[in-house]
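Colleague: Below are the structure tokens for one structure; questions will follow.
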Amino acid sequence: MTDVIKEDQVLDCSGMLCPVPVVKTSKAMKELQSGQVLKMVATDPGAPPDMEAWSRQTGNELLLSTTEGGKFVFFLKKK
């Protein structure tokens, strides 16, 4: 990936199961300014569809959803 996304905050939800990553992501996003980016890391296999749905419902943009070393990594931009 050539253009690296710079996150303003990192949230590690490794080992947490649904709905905890979504709840923690919502809380973390509330603390960010509009346009800032949150990097969220999770191990729950349900996280990718959960984060896509959360992004659609809240209007916050899911910039990237990827996997790194067996973990799911999401970059979310606050609307």
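Residues are referred to by chain and number: the chain letter is A, B, ... according to the order shown in the structure tokens, the number counts from 1 in that chain, and ligands are numbered separately from 1 in the order shown.
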Would you mind listing what lies within 9 Å of segment 34-39 of chain A as a list in words, with only C-alpha atoms counted and same-chain residues fewer than 3 positions away left out?
Modeller: Ile5, Lys6, Glu7, Asp8, Gln9, Val10, Leu11, Asp12, Thr25, Ala28, Met29, Leu63, Val73, Phe74, Phe75, Leu76, Lys77, Lys78 and Lys79 of chain A
Colleague: Give one line per residue of segment 32-76 of chain A that approaches segment 16-24 of chain A to at most 7 Å, naming the two atoms of the closest pair and their distance in Å to one decimal, counting only C-alpha atoms; sort by chain then ascending residue number and deliver it as a Markdown table.
Modeller:
```
| residue | atom | partner | partner_atom | distance |
| --- | --- | --- | --- | --- |
| A:Asp44 | CA | A:Leu17 | CA | 5.6 |
| A:Gly46 | CA | A:Cys18 | CA | 7.0 |
| A:Met51 | CA | A:Val22 | CA | 6.9 |
```
Colleague: Those selected residues, please, written with all heavy atoms and delivered as a PDB file, in the first residue's frame.
Modeller:
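Contents of the output file out-v4.pdb:
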```pdb
ATOM      1  N   ASP A  44     -11.564 -10.548  16.863  1.00  0.00           N
ATOM      2  CA  ASP A  44     -12.877 -11.176  16.688  1.00  0.00           C
ATOM      3  C   ASP A  44     -13.209 -11.300  15.199  1.00  0.00           C
ATOM      4  O   ASP A  44     -13.246 -10.296  14.492  1.00  0.00           O
ATOM      5  CB  ASP A  44     -13.941 -10.323  17.396  1.00  0.00           C
ATOM      6  CG  ASP A  44     -15.347 -10.899  17.287  1.00  0.00           C
ATOM      7  OD1 ASP A  44     -15.503 -12.007  16.738  1.00  0.00           O
ATOM      8  OD2 ASP A  44     -16.291 -10.236  17.757  1.00  0.00           O
ATOM      9  N   GLY A  46     -15.883 -11.624  13.837  1.00  0.00           N
ATOM     10  CA  GLY A  46     -17.104 -10.875  13.524  1.00  0.00           C
ATOM     11  C   GLY A  46     -16.860  -9.390  13.344  1.00  0.00           C
ATOM     12  O   GLY A  46     -17.764  -8.650  12.945  1.00  0.00           O
ATOM     13  N   MET A  51     -17.906  -3.730  11.825  1.00  0.00           N
ATOM     14  CA  MET A  51     -17.376  -2.386  11.590  1.00  0.00           C
ATOM     15  C   MET A  51     -17.955  -1.772  10.320  1.00  0.00           C
ATOM     16  O   MET A  51     -18.197  -0.577  10.262  1.00  0.00           O
ATOM     17  CB  MET A  51     -15.842  -2.402  11.535  1.00  0.00           C
ATOM     18  CG  MET A  51     -15.182  -2.762  12.862  1.00  0.00           C
ATOM     19  SD  MET A  51     -15.904  -1.988  14.329  1.00  0.00           S
ATOM     20  CE  MET A  51     -15.700  -0.261  13.975  1.00  0.00           C
TER      21      MET A  51
END
```
Colleague: How many Å lie between atom CA of Glu52 of chain A and atom CA of Thr67 of chain A, rounded to one decimal?
Modeller: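 According to the coordinates, atom CA of Glu52 of chain A and atom CA of Thr67 of chain A are separated by 14.5 Å.
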Colleague: I need the alpha helix (DSSP H) residues of chain A per DSSP on the backbone, written as a ChimeraX atom specification.
Modeller: /A:20-31,47-58
Colleague: Atom CA of Lys27 of chain A and atom CA of Thr43 of chain A, how far apart in Å?
Modeller: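 Those two atoms sit 18.7 Å apart.
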Colleague: Taking only chain A into account, list the residues labelled strand (DSSP E) by DSSP (computed from the backbone), as a list of chain:residue names.
Modeller: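 So the strand (DSSP E) residues in chain A would be A:Gln9, A:Val10, A:Leu11, A:Asp12, A:Cys13, A:Val37, A:Leu38, A:Lys39, A:Met40, A:Val41, A:Ala42, A:Glu61, A:Leu62, A:Leu63, A:Leu64, A:Ser65, A:Thr66, A:Thr67, A:Glu68, A:Lys71, A:Phe72, A:Val73, A:Phe74, A:Phe75, A:Leu76, A:Lys77.
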Colleague: Using C-alpha atoms, can you write the selected residues to a file as a short mmCIF file (atom, residue, chain, number, x, y, z; two decimals), in the first residue's frame?
Modeller:
```
data_model
loop_
_atom_site.label_atom_id
_atom_site.label_comp_id
_atom_site.auth_asym_id
_atom_site.auth_seq_id
_atom_site.Cartn_x
_atom_site.Cartn_y
_atom_site.Cartn_z
CA GLN A 9 -5.44 7.39 17.79
CA VAL A 10 -5.02 3.61 18.14
CA LEU A 11 -7.56 1.37 19.85
CA ASP A 12 -6.53 -2.23 20.53
CA CYS A 13 -9.53 -4.51 20.98
CA VAL A 37 -8.61 8.85 11.99
CA LEU A 38 -8.91 5.98 14.46
CA LYS A 39 -6.97 2.76 13.91
CA MET A 40 -8.80 -0.13 15.56
CA VAL A 41 -7.26 -3.59 15.94
CA ALA A 42 -9.41 -6.63 16.73
CA GLU A 61 -15.99 6.50 6.96
CA LEU A 62 -14.29 3.10 6.95
CA LEU A 63 -11.13 4.04 5.06
CA LEU A 64 -9.52 0.62 5.18
CA SER A 65 -10.28 -2.85 6.52
CA THR A 66 -7.34 -5.24 6.37
CA THR A 67 -5.60 -8.06 8.22
CA GLU A 68 -2.12 -7.94 9.74
CA LYS A 71 -5.53 -9.48 13.41
CA PHE A 72 -8.17 -7.33 11.78
CA VAL A 73 -7.17 -3.70 11.33
CA PHE A 74 -9.58 -0.88 10.58
CA PHE A 75 -8.98 2.75 9.78
CA LEU A 76 -12.05 4.88 10.52
CA LYS A 77 -12.39 8.57 9.71
#
```
